[in-house]
Structures are given as structure tokens and as C-alpha cells.
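Listing of final05.cif; format and content: mmCIF, C-alpha atoms.
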data_start
#
loop_
_atom_site.label_atom_id
_atom_site.label_comp_id
_atom_site.auth_asym_id
_atom_site.auth_seq_id
_atom_site.Cartn_x
_atom_site.Cartn_y
_atom_site.Cartn_z
CA MET A 8 5.16 10.75 -28.46
CA SER A 9 3.70 11.01 -24.94
CA ARG A 10 5.40 12.65 -21.98
CA VAL A 11 5.27 10.35 -18.92
CA VAL A 12 6.29 11.10 -15.34
CA LEU A 13 7.52 7.90 -13.72
CA ALA A 14 7.80 7.35 -9.96
CA MET A 15 11.28 5.87 -9.52
CA SER A 16 12.18 4.15 -6.25
CA GLY A 17 15.59 2.80 -7.16
CA GLY A 18 14.20 -0.75 -7.33
CA VAL A 19 14.17 -3.13 -10.26
CA ASP A 20 10.47 -2.68 -11.09
CA SER A 21 10.41 1.08 -11.58
CA SER A 22 13.83 0.92 -13.26
CA ALA A 23 12.59 -1.63 -15.77
CA ALA A 24 9.46 0.48 -16.21
CA ALA A 25 11.66 3.42 -17.24
CA TYR A 26 13.40 1.27 -19.83
CA LEU A 27 10.13 -0.14 -21.20
CA LEU A 28 8.57 3.31 -21.49
CA LYS A 29 11.57 4.71 -23.33
CA GLU A 30 11.72 1.68 -25.65
CA ALA A 31 8.05 2.29 -26.46
CA GLY A 32 8.94 5.80 -27.64
CA HIS A 33 7.74 7.87 -24.69
CA GLU A 34 9.49 10.92 -23.26
CA VAL A 35 10.18 9.80 -19.68
CA ILE A 36 10.77 12.03 -16.65
CA GLY A 37 11.91 10.22 -13.52
CA LEU A 38 10.75 11.41 -10.10
CA PHE A 39 12.14 10.15 -6.80
CA MET A 40 10.00 11.00 -3.77
CA ARG A 41 11.96 11.70 -0.61
CA SER A 42 10.44 12.00 2.82
CA GLY A 43 13.17 13.34 5.09
CA ALA A 44 13.95 16.85 6.23
CA THR A 45 16.89 17.74 4.02
CA GLU A 46 18.38 20.82 2.52
CA GLU A 47 16.74 22.06 -0.64
CA GLN A 48 18.07 23.98 -3.58
CA THR A 49 16.48 25.02 -6.83
CA CYS A 50 17.35 23.65 -10.23
CA SER A 51 15.97 23.92 -13.72
CA THR A 52 14.12 20.91 -15.05
CA GLY A 53 15.07 21.78 -18.61
CA ILE A 54 11.40 21.92 -19.54
CA GLY A 55 10.56 25.44 -18.51
CA LEU A 56 10.02 24.89 -14.79
CA SER A 57 12.18 25.48 -11.73
CA LEU A 58 11.65 22.97 -8.90
CA PRO A 59 13.27 22.16 -5.56
CA ILE A 60 15.61 19.21 -5.59
CA VAL A 61 16.83 17.56 -2.45
CA THR A 62 20.39 17.20 -1.34
CA GLY A 63 21.46 15.61 1.88
CA LYS A 64 23.81 13.29 3.64
CA PRO A 65 23.29 9.53 3.70
CA GLY A 66 21.33 8.54 6.76
CA HIS A 67 19.29 11.77 6.82
CA GLN A 68 16.76 10.95 4.11
CA GLY A 69 13.85 9.74 6.23
CA CYS A 70 12.08 6.74 4.78
CA CYS A 71 13.52 6.93 1.27
CA SER A 72 17.18 6.16 1.58
CA ALA A 73 20.06 7.95 -0.04
CA ALA A 74 21.12 4.60 -1.50
CA ASP A 75 17.76 4.19 -3.23
CA ALA A 76 17.95 7.73 -4.59
CA ALA A 77 21.44 7.04 -5.90
CA ASP A 78 20.25 3.83 -7.58
CA ALA A 79 17.37 5.67 -9.24
CA ARG A 80 19.66 8.44 -10.44
CA ARG A 81 22.13 5.94 -11.92
CA VAL A 82 19.31 4.24 -13.82
CA ALA A 83 18.18 7.61 -15.18
CA ASP A 84 21.76 8.34 -16.26
CA VAL A 85 22.09 4.99 -18.04
CA LEU A 86 18.79 5.55 -19.85
CA ASP A 87 19.50 9.24 -20.46
CA ILE A 88 16.25 10.54 -19.00
CA PRO A 89 15.64 13.64 -16.83
CA PHE A 90 15.61 12.83 -13.11
CA HIS A 91 14.34 14.82 -10.12
CA ALA A 92 14.31 14.07 -6.40
CA LEU A 93 11.64 16.07 -4.58
CA ASN A 94 11.08 16.39 -0.84
CA PHE A 95 7.59 15.26 0.18
CA LYS A 96 8.22 15.44 3.91
CA ASP A 97 4.78 16.90 4.74
CA ALA A 98 2.93 14.25 2.76
CA PHE A 99 4.94 11.46 4.37
CA GLY A 100 4.26 13.03 7.76
CA ARG A 101 0.55 12.62 7.12
CA ILE A 102 1.07 8.92 6.39
CA LYS A 103 3.07 8.45 9.59
CA ASP A 104 0.33 10.20 11.58
CA TYR A 105 -2.28 7.92 10.04
CA PHE A 106 -0.18 4.85 10.85
CA ALA A 107 0.25 5.85 14.50
CA ASP A 108 -3.39 6.91 14.93
CA GLU A 109 -4.68 3.59 13.61
CA TYR A 110 -2.45 1.39 15.76
CA LEU A 111 -3.23 3.39 18.89
CA ALA A 112 -6.96 3.03 18.11
CA GLY A 113 -6.62 -0.77 18.01
CA ARG A 114 -6.79 -1.04 14.23
CA THR A 115 -4.32 -2.48 11.71
CA PRO A 116 -3.28 0.24 9.26
CA ASN A 117 -2.20 -0.19 5.65
CA PRO A 118 0.19 2.70 4.94
CA CYS A 119 1.05 1.40 1.46
CA VAL A 120 -2.54 1.96 0.31
CA MET A 121 -2.60 5.42 1.85
CA CYS A 122 0.74 6.27 0.29
CA ASN A 123 -0.59 5.32 -3.13
CA ASN A 124 -3.74 7.40 -2.58
CA TRP A 125 -2.15 10.53 -1.15
CA LEU A 126 1.35 10.56 -2.56
CA LYS A 127 2.27 8.30 -5.45
CA PHE A 128 -0.90 8.94 -7.44
CA GLY A 129 -1.86 12.27 -5.89
CA LYS A 130 1.30 14.34 -5.74
CA LEU A 131 2.65 12.49 -8.79
CA TRP A 132 -0.25 13.68 -10.92
CA GLU A 133 0.11 17.23 -9.59
CA PHE A 134 3.76 17.23 -10.62
CA ALA A 135 2.88 15.73 -14.01
CA GLN A 136 0.44 18.54 -14.69
CA GLN A 137 3.10 21.13 -13.84
CA VAL A 138 5.49 19.67 -16.40
CA GLY A 139 2.89 19.13 -19.12
CA ALA A 140 2.93 15.33 -18.95
CA ASP A 141 0.24 13.20 -20.55
CA PHE A 142 0.55 10.22 -18.18
CA ILE A 143 1.97 9.10 -14.87
CA ALA A 144 3.55 5.69 -14.33
CA SER A 145 4.95 3.43 -11.63
CA GLY A 146 6.50 0.00 -11.26
CA HIS A 147 3.39 -1.60 -9.74
CA TYR A 148 2.23 -5.02 -10.92
CA ALA A 149 -1.23 -4.06 -12.13
CA GLN A 150 -2.81 -3.12 -15.46
CA ILE A 151 -5.16 -0.52 -16.90
CA ALA A 152 -7.72 -1.78 -19.38
CA GLY A 153 -9.22 0.91 -21.62
CA ARG A 154 -8.20 4.53 -21.98
CA ASP A 155 -11.54 6.31 -22.20
CA ALA A 156 -12.80 7.94 -19.02
CA ALA A 157 -15.99 5.88 -19.18
CA ASP A 158 -14.41 2.43 -19.52
CA ALA A 159 -10.92 2.60 -17.98
CA ALA A 160 -10.49 -0.20 -15.47
CA LEU A 161 -7.85 -1.25 -12.94
CA THR A 162 -7.10 -4.97 -13.26
CA ARG A 163 -4.73 -7.47 -11.69
CA GLY A 164 -1.16 -7.80 -12.93
CA ARG A 165 -0.18 -10.80 -15.03
CA ASP A 166 2.06 -12.27 -12.31
CA PRO A 167 -0.32 -13.58 -9.60
CA ASP A 168 2.47 -13.73 -7.02
CA LYS A 169 3.27 -10.04 -7.50
CA ASP A 170 -0.16 -8.55 -8.24
CA GLN A 171 -0.56 -5.20 -6.45
CA SER A 172 -4.03 -4.16 -7.57
CA TYR A 173 -5.27 -4.55 -3.97
CA VAL A 174 -3.07 -1.69 -2.72
CA LEU A 175 -4.15 0.51 -5.64
CA PHE A 176 -7.93 0.38 -5.10
CA GLY A 177 -7.99 3.89 -3.63
CA ILE A 178 -6.80 5.62 -6.80
CA ARG A 179 -9.39 8.09 -8.04
CA ARG A 180 -11.46 6.66 -10.88
CA ASP A 181 -10.93 9.74 -13.05
CA LEU A 182 -7.15 9.22 -12.91
CA LEU A 183 -7.21 5.68 -14.32
CA PRO A 184 -6.96 6.77 -18.00
CA LYS A 185 -3.86 8.80 -17.10
CA ILE A 186 -1.93 5.93 -15.48
CA VAL A 187 0.50 3.47 -17.06
CA PHE A 188 1.86 0.31 -15.40
CA PRO A 189 4.65 -0.81 -17.75
CA VAL A 190 5.60 -3.96 -15.79
CA GLY A 191 2.05 -5.13 -15.11
CA ASP A 192 1.88 -7.34 -18.19
CA PHE A 193 5.04 -9.29 -17.28
CA GLU A 194 6.19 -11.95 -14.86
CA LYS A 195 8.68 -10.71 -12.26
CA SER A 196 11.40 -12.99 -13.64
CA VAL A 197 11.02 -11.38 -17.08
CA ILE A 198 11.31 -7.91 -15.55
CA ARG A 199 14.60 -8.85 -13.87
CA GLU A 200 15.91 -10.25 -17.17
CA THR A 201 14.80 -7.10 -18.98
CA ALA A 202 16.63 -4.88 -16.47
CA GLN A 203 19.78 -7.00 -16.77
CA LYS A 204 19.77 -6.85 -20.57
CA ALA A 205 19.28 -3.08 -20.39
CA GLY A 206 22.45 -2.79 -18.33
CA LEU A 207 20.67 -1.71 -15.13
CA ARG A 208 22.67 -2.99 -12.21
CA VAL A 209 19.60 -3.01 -9.93
CA PHE A 210 18.34 -6.09 -11.84
CA ASP A 211 19.08 -8.36 -8.86
CA LYS A 212 18.24 -5.87 -6.09
CA PRO A 213 16.06 -7.57 -3.43
CA ASP A 214 12.44 -6.51 -3.12
CA SER A 215 11.64 -4.37 -0.09
CA GLN A 216 9.71 -6.29 2.56
CA GLU A 217 9.23 -3.57 5.19
CA ILE A 218 7.16 -0.45 5.55
CA CYS A 219 9.48 2.17 4.10
CA PHE A 220 9.62 4.40 7.19
CA ILE A 221 10.15 1.41 9.53
CA PRO A 222 13.15 -0.33 7.94
CA ASP A 223 13.82 -2.39 11.08
CA ASN A 224 10.20 -3.66 11.14
CA ASP A 225 9.87 -2.57 14.79
CA TYR A 226 6.39 -1.03 14.79
CA ALA A 227 6.25 -0.60 18.57
CA GLY A 228 9.62 1.11 18.57
CA PHE A 229 8.53 3.48 15.81
CA LEU A 230 5.33 4.38 17.68
CA GLU A 231 7.26 5.14 20.86
CA ARG A 232 9.77 7.30 18.99
CA PHE A 233 7.07 9.05 16.97
CA ARG A 234 4.40 9.56 19.66
CA GLY A 235 6.24 9.00 22.91
CA LYS A 236 5.63 6.31 25.50
CA GLN A 237 1.95 5.31 25.60
CA ASP A 238 0.09 3.66 28.50
CA THR A 239 -1.40 0.82 26.47
CA ALA A 240 -0.46 -2.19 28.60
CA GLY A 241 -3.26 -4.44 29.76
CA GLU A 242 -4.70 -7.92 30.07
CA ILE A 243 -4.73 -10.84 27.67
CA VAL A 244 -8.11 -12.56 27.99
CA ASP A 245 -10.07 -15.33 26.29
CA THR A 246 -13.44 -14.75 24.64
CA THR A 247 -15.25 -15.35 27.96
CA GLY A 248 -13.22 -12.60 29.65
CA ARG A 249 -11.00 -14.92 31.66
CA VAL A 250 -7.60 -13.33 32.27
CA LEU A 251 -4.78 -15.38 30.76
CA GLY A 252 -1.87 -12.98 31.18
CA HIS A 253 -0.69 -9.45 30.55
CA HIS A 254 0.83 -7.55 27.62
CA GLU A 255 3.00 -4.44 27.28
CA GLY A 256 0.82 -2.68 24.69
CA PHE A 257 -2.16 -3.67 22.52
CA GLU A 258 -0.56 -1.94 19.54
CA ARG A 259 1.93 -4.82 19.46
CA PHE A 260 -0.84 -7.20 18.27
CA THR A 261 -2.90 -7.64 15.11
CA ILE A 262 -6.06 -9.60 14.37
CA GLY A 263 -5.25 -13.16 13.30
CA GLN A 264 -1.83 -13.15 14.96
CA ARG A 265 -0.77 -16.55 16.29
CA LYS A 266 2.95 -16.22 17.07
CA GLY A 267 4.47 -13.85 19.57
CA ILE A 268 1.46 -13.68 21.89
CA GLY A 269 3.69 -14.49 24.83
CA LEU A 270 1.61 -17.33 26.25
CA ALA A 271 1.73 -21.08 25.70
CA PHE A 272 -1.43 -23.01 24.81
CA GLY A 273 -2.10 -26.66 24.15
CA ASP A 274 -3.95 -25.82 20.93
CA PRO A 275 -3.41 -22.95 18.46
CA ARG A 276 -4.76 -19.62 19.68
CA TYR A 277 -5.16 -16.39 17.74
CA VAL A 278 -5.75 -12.72 18.43
CA VAL A 279 -9.45 -12.38 17.64
CA ARG A 280 -10.15 -8.87 18.91
CA LEU A 281 -8.43 -5.76 20.28
CA GLU A 282 -10.23 -3.57 22.81
CA PRO A 283 -8.38 -0.24 23.05
CA GLU A 284 -10.97 1.17 25.47
CA THR A 285 -10.15 -1.57 28.03
CA ARG A 286 -6.63 -2.20 26.66
CA ARG A 287 -7.49 -5.89 26.42
CA VAL A 288 -6.18 -8.33 23.81
CA VAL A 289 -8.72 -11.10 23.24
CA ILE A 290 -7.44 -14.58 22.34
CA GLY A 291 -9.51 -17.37 20.83
CA THR A 292 -9.61 -20.47 18.68
CA ARG A 293 -9.57 -20.50 14.89
CA GLU A 294 -13.34 -20.96 14.94
CA GLU A 295 -13.69 -17.85 17.10
CA LEU A 296 -11.52 -15.92 14.63
CA ALA A 297 -13.92 -16.65 11.75
CA ARG A 298 -16.09 -13.85 10.36
CA GLN A 299 -18.68 -14.14 7.62
CA THR A 300 -19.73 -10.47 7.51
CA LEU A 301 -17.86 -7.19 7.65
CA THR A 302 -18.69 -3.53 7.24
CA ALA A 303 -16.50 -0.94 5.56
CA ASN A 304 -16.61 2.81 4.97
CA ARG A 305 -14.56 5.52 3.21
CA LEU A 306 -15.45 3.81 -0.03
CA ASN A 307 -13.83 4.36 -3.42
CA TRP A 308 -15.61 3.04 -6.51
CA HIS A 309 -14.13 2.26 -9.93
CA ILE A 310 -17.61 1.56 -11.27
CA ASP A 311 -20.89 3.41 -10.95
CA VAL A 312 -22.10 3.10 -7.36
CA PRO A 313 -24.21 -0.08 -7.22
CA THR A 314 -27.88 0.34 -6.35
CA GLY A 315 -28.43 -3.24 -5.21
CA PRO A 316 -26.54 -6.32 -4.00
CA LEU A 317 -23.30 -6.88 -5.91
CA ARG A 318 -21.88 -10.36 -6.46
CA CYS A 319 -18.10 -10.21 -6.35
CA ARG A 320 -14.94 -11.66 -4.90
CA ALA A 321 -13.70 -9.75 -1.86
CA GLN A 322 -10.07 -9.54 -0.72
CA ILE A 323 -9.39 -8.53 2.90
CA ARG A 324 -5.58 -8.17 2.89
CA TYR A 325 -2.70 -8.13 0.45
CA ARG A 326 -1.92 -11.87 0.56
CA HIS A 327 -5.53 -13.03 0.98
CA GLU A 328 -7.17 -14.95 -1.84
CA ALA A 329 -10.30 -13.05 -2.83
CA ALA A 330 -13.37 -15.01 -1.75
CA PRO A 331 -16.92 -15.15 -3.19
CA ALA A 332 -19.18 -12.62 -1.49
CA GLU A 333 -22.14 -10.29 -1.84
CA ALA A 334 -21.61 -6.59 -1.18
CA THR A 335 -24.46 -4.22 -0.36
CA LEU A 336 -24.53 -0.49 0.35
CA VAL A 337 -26.39 -0.10 3.64
CA ALA A 338 -25.80 3.68 3.85
CA ASP A 339 -24.27 6.40 1.69
CA ASP A 340 -20.71 5.50 2.69
CA VAL A 341 -21.14 2.14 4.42
CA LEU A 342 -20.70 -1.20 2.68
CA GLN A 343 -21.67 -4.58 4.08
CA VAL A 344 -19.84 -7.60 2.67
CA GLU A 345 -21.20 -11.07 3.35
CA PHE A 346 -18.92 -13.95 2.38
CA ASP A 347 -20.21 -17.27 1.13
CA GLU A 348 -17.83 -18.96 3.58
CA PRO A 349 -16.32 -17.61 6.82
CA GLN A 350 -12.99 -15.76 6.47
CA TYR A 351 -10.15 -15.64 8.97
CA GLY A 352 -8.26 -12.55 10.08
CA VAL A 353 -10.76 -9.82 9.16
CA ALA A 354 -8.96 -6.84 10.69
CA PRO A 355 -10.45 -3.37 11.26
CA GLY A 356 -8.23 -0.81 9.57
CA GLN A 357 -7.36 -3.02 6.60
CA ALA A 358 -8.92 -2.58 3.17
CA VAL A 359 -11.55 -4.79 1.60
CA VAL A 360 -11.32 -4.72 -2.20
CA LEU A 361 -14.02 -6.04 -4.52
CA TYR A 362 -13.27 -7.80 -7.80
CA ALA A 363 -15.16 -9.11 -10.81
CA ASP A 364 -12.74 -11.67 -12.22
CA ASP A 365 -9.51 -9.60 -12.43
CA ARG A 366 -11.13 -6.16 -12.43
CA VAL A 367 -11.18 -3.95 -9.34
CA LEU A 368 -14.72 -2.71 -8.73
CA GLY A 369 -13.92 -0.64 -5.66
CA GLY A 370 -13.30 -1.04 -1.98
CA GLY A 371 -13.23 0.55 1.44
CA TRP A 372 -11.78 0.35 4.94
CA ILE A 373 -12.90 -2.40 7.29
CA GLN A 374 -14.66 -1.14 10.39
#

I need this file expressed as C-alpha cells, please.
Amino acid sequence: MSRVVLAMSGGVDSSAAAYLLKEAGHEVIGLFMRSGATEEQTCSTGIGLSLPIVTGKPGHQGCCSAADAADARRVADVLDIPFHALNFKDAFGRIKDYFADEYLAGRTPNPCVMCNNWLKFGKLWEFAQQVGADFIASGHYAQIAGRDAADAALTRGRDPDKDQSYVLFGIRRDLLPKIVFPVGDFEKSVIRETAQKAGLRVFDKPDSQEICFIPDNDYAGFLERFRGKQDTAGEIVDTTGRVLGHHEGFERFTIGQRKGIGLAFGDPRYVVRLEPETRRVVIGTREELARQTLTANRLNWHIDVPTGPLRCRAQIRYRHEAAPAEATLVADDVLQVEFDEPQYGVAPGQAVVLYADDRVLGGGWIQ
């Protein structure tokens, strides 16, 4: 029997994952990751280790709500598995800093990828080692093929509408054999049915649609609260430099954005470029939005580093359909990706992830 530490969020996916792991005969330890500044006290884990748990009042939990923690704890009680809520305020602070830095530099951040890299599969593995666990697990819709260090591979989840392999590309390659994705081989509808049959009342809980530390989806408001008022207002221009209007802050825009620009046009217009140095937001046609080549750095490979051009399918955002491309290392940590056909909405700050069929080969951050 293997000991598995499972990241529990209080949602249906990680809750069903707990049930599936236990049904498969594993010893499951649930871990809820809190981000807020709350009071800590020490408790025994029952497995020879004393750890801080987090107590606090509803509304003072930062990005991981007290309601979610309560849901996760109830699931653990129903399944009779150990459950711990740990305060990862410092780690979440790093993610918030990254998010703010990227937006204020005119890039479009992806905090979910960073959270997976730094927290869910970084701190989670550290905790697992402390408690003598063999594996770590989460409720992500992805799969691991192979268990040997040499051939373990991250692949897409069975449900194409829920596949989350894109946001997992940054996991260290050496960790892949230690990771389990219990729900990755199922359709979402089956997971909800499984949770209902197991008596888990979160079976119909809605999926979260927001960034966890911005529950109201107001990015600009978060940035102002987190970093103070910034002087980022400027001009809205077309690709020739002609001034079309003014905006209140370039961080309110993303590449490929069509709605909410604040100006009326006879034909569709898109944000094609952000210029933080001039504080300009550049608007153009769909044709002007097209890009056939991108460069990326801060690479993470799940295969041996390629020594020549690599045919693949490249995905440039979570909901983008991976497109045929050729990827080439042009420097030690710089990748050039050339698509067979132009792509729309290539945004600096987002990840580009390379696939061979359903297997993740690696990826990096679009420059």
C-alpha cells in the first residue's frame, strides 16, 4: 500500500480523487493549502510529525476560502482520511508579486501555472517527503504515462474539455514518476457521478472560474490594492501610431482583447500590442493580430533537450487548440516556435507548451 499526499481544494475533482485513491487501496493524507495570514497552532499528524495547522475566521483566509477548507475537511471526514490545512502565505505572496509584476510590465501572466510550479507540486512534494509519502496527487485532468524516471511522461487528460496538461508543463521532470492524477482518466461527468455515489456533497459544486486570489475578477482593482495607484494611463493608437483615444491603465488590456476597449469601430478591432514604456495600447485588425513566430525562455523540458528542429503541436494559452509548428533552440534558454499557419492572440507572459500527440514535451514563457 502506498502513502499518497493529496492536495484538496474542497472542489469535486480533488474530493473524487481522494475517494478513488482510497478505493484503490492507498493510504491518503489530505492537505489543504491556505494563503491568508491566520493564527497558527500546532497539532500532531498522527504519523510522527508535528505541523502547524491554520485556524481563522471566515473572511480572513486570503485566496483559499474558509468555505472551501470546510468542504475539504468534511470530505476527509466522510472518507476517514487524515486532513491538514497548512498556511502557505509566503508562497502565495510570491505568486501575487509575480502577477502584479507581469501586468505592470505589459505582459499577461498565468498565475495558475506558477502556482503549480512553486506551490502545488513544489511545497506539496516537500510536505510529502516529511511525512514519508511515496506519491503526491491532485485533482487535475491530466495523466502520467510510465513510472520509471527515464520514461515517465505527462499527457493530456481523457476529457478534452477539461484537460489541464497545459498548466502543468512547468512541473520538474524528475517529479513526474511521483505524481498521481486520479481523475485524469475520466470524463468530468463521471467524476461528478462518482462523488455523488460516494456520498460527497460537493458533487455538484460549481467549478471555479476566477483566479483564486481575485474572486471578483477585478484585476485592476487587485493591482491597485496590492501595489497602490500606478500612473499607467496613456493613449490608444492604431498600428500607424495615430491616436484613437485614451485609457486609464495599460494593465487593463490583454493581447487579443476585442471587447471593453472603450472605443467604437466599424469593423472588429483587437489589442495587438502593449507598450509599457510609452503606456500605449495598440489596436489593429485581425490580420495585424496574427503572428507566425514567437520566442520563449525560462524553458522546462520533459524530454531530453532537443539538438535540432522539433516538429510538434504548440499551444499558446489554456483554451487554444495546439497548432502544428517547428520549435528550435536558438540559445541555451531561448526557444523559437514557428507555426505552419499564423496564430492569433500570442501574448507575452503566457506559456507556450509543446506536444507530440497527447504528450507534453516541454514549454516556456512567451517573450

Write out as a compact mmCIF listing (two decimals) with C-alpha atoms, in the frame of the given file each polymer residue whose atoms come within 12 Å of Asp168 of chain A, counting all atoms listed in the file; drop sequence neighbours fewer than 5 positions from it.
# COMPACT_ATOMS: atom_id res chain seq x y z
CA TYR A 148 2.23 -5.02 -10.92
CA ALA A 149 -1.23 -4.06 -12.13
CA ARG A 163 -4.73 -7.47 -11.69
CA GLY A 191 2.05 -5.13 -15.11
CA PHE A 193 5.04 -9.29 -17.28
CA GLU A 194 6.19 -11.95 -14.86
CA LYS A 195 8.68 -10.71 -12.26
CA SER A 196 11.40 -12.99 -13.64
CA TYR A 325 -2.70 -8.13 0.45
CA ARG A 326 -1.92 -11.87 0.56
CA HIS A 327 -5.53 -13.03 0.98
CA GLU A 328 -7.17 -14.95 -1.84

TODO: Expand the PyMOL selection byres ((chain A and resi 353) around 10) into the individual residues it matches in the shown file, reporting them as a list in words.
DONE: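 Evaluating the PyMOL selection byres ((chain A and resi 353) around 10) on this file yields Ile262, Gly263, Val279, Arg280, Leu296, Ala297, Arg298, Gln299, Thr300, Leu301, Gln322, Ile323, Arg324, Pro349, Gln350, Tyr351, Gly352, Ala354, Pro355, Gly356, Gln357, Ala358, Val359, Ile373 and Gln374 of chain A.
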
Writer output for current selection, C-alpha atoms, as an mmCIF file, in the frame of the given file:
data_model
loop_
_atom_site.group_PDB
_atom_site.id
_atom_site.type_symbol
_atom_site.label_atom_id
_atom_site.label_comp_id
_atom_site.auth_asym_id
_atom_site.auth_seq_id
_atom_site.Cartn_x
_atom_site.Cartn_y
_atom_site.Cartn_z
ATOM 1 C CA ILE A 262 -6.060 -9.600 14.370
ATOM 2 C CA GLY A 263 -5.250 -13.160 13.300
ATOM 3 C CA VAL A 279 -9.450 -12.380 17.640
ATOM 4 C CA ARG A 280 -10.150 -8.870 18.910
ATOM 5 C CA LEU A 296 -11.520 -15.920 14.630
ATOM 6 C CA ALA A 297 -13.920 -16.650 11.750
ATOM 7 C CA ARG A 298 -16.090 -13.850 10.360
ATOM 8 C CA GLN A 299 -18.680 -14.140 7.620
ATOM 9 C CA THR A 300 -19.730 -10.470 7.510
ATOM 10 C CA LEU A 301 -17.860 -7.190 7.650
ATOM 11 C CA GLN A 322 -10.070 -9.540 -0.720
ATOM 12 C CA ILE A 323 -9.390 -8.530 2.900
ATOM 13 C CA ARG A 324 -5.580 -8.170 2.890
ATOM 14 C CA PRO A 349 -16.320 -17.610 6.820
ATOM 15 C CA GLN A 350 -12.990 -15.760 6.470
ATOM 16 C CA TYR A 351 -10.150 -15.640 8.970
ATOM 17 C CA GLY A 352 -8.260 -12.550 10.080
ATOM 18 C CA ALA A 354 -8.960 -6.840 10.690
ATOM 19 C CA PRO A 355 -10.450 -3.370 11.260
ATOM 20 C CA GLY A 356 -8.230 -0.810 9.570
ATOM 21 C CA GLN A 357 -7.360 -3.020 6.600
ATOM 22 C CA ALA A 358 -8.920 -2.580 3.170
ATOM 23 C CA VAL A 359 -11.550 -4.790 1.600
ATOM 24 C CA ILE A 373 -12.900 -2.400 7.290
ATOM 25 C CA GLN A 374 -14.660 -1.140 10.390
#

Task: Matched chain/residue IDs from the PyMOL selection byres ((chain A and resi 119-130) around 8), as a list of chain:residue names - done: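 This file, filtered by the PyMOL selection byres ((chain A and resi 119-130) around 8), leaves A:Ala14, A:Ala98, A:Phe99, A:Ile102, A:Asn117, A:Pro118, A:Leu131, A:Trp132, A:Glu133, A:Phe134, A:Ile143, A:Val174, A:Leu175, A:Phe176, A:Gly177, A:Ile178, A:Arg179, A:Ile218.
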
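Between atom CA of Ser16 of chain A and atom CA of Phe39 of chain A the separation is 6.0 Å.
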
Task: Separation of atom CA of Ala330 of chain A from atom CA of Ser172 of chain A, in Å and rounded to one decimal - done: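 The value is 15.5 Å.
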
Open item on the list: Going by the chain IDs and residue numbers used in this file, which residues fall under the PyMOL selection byres ((chain A and resi 20) around 10)? Write them as a ChimeraX atom specification.
Closed with: /A:15-19,21-25,145-148,189-191,195,198-199,202,209-210,212,214

Task: Among the residues A:Asp87, A:Glu345, A:Asp340, A:Glu284, the one that comes closest to Glu242 of chain A [using only C-alpha atoms] - done: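 Closest residue, counting only C-alpha atoms: A:Glu284.
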
Task: Closest of A:Arg234, A:Arg165, A:His91, A:His309 to Ala107 of chain A - atom-to-atom distances counting all atoms listed in the file - done: A:Arg234

Within 7 Å of Arg10 of chain A, counting only C-alpha atoms, which residues qualify if same-chain residues fewer than 6 places away don't, as a short mmCIF file (atom, residue, chain, number, x, y, z; two decimals) with C-alpha atoms, in the frame of the given file?
data_model
loop_
_atom_site.label_atom_id
_atom_site.label_comp_id
_atom_site.auth_asym_id
_atom_site.auth_seq_id
_atom_site.Cartn_x
_atom_site.Cartn_y
_atom_site.Cartn_z
CA HIS A 33 7.74 7.87 -24.69
CA GLU A 34 9.49 10.92 -23.26
CA VAL A 35 10.18 9.80 -19.68
CA ALA A 140 2.93 15.33 -18.95
CA ASP A 141 0.24 13.20 -20.55
CA PHE A 142 0.55 10.22 -18.18
#

Task: Coordinates-based distance that separates atom CA of Pro167 of chain A from atom CA of Gly206 of chain A (Å, one decimal) - done: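 Atom CA of Pro167 of chain A lies 26.7 Å from atom CA of Gly206 of chain A.
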
Task: Counting all atoms listed in the file, the residue of A:Glu258, A:Asp166, A:Tyr105, A:Val138 that sits nearest Gln150 of chain A - done: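 Residue with the minimum atom-to-atom distance to Gln150 of chain A: A:Asp166.
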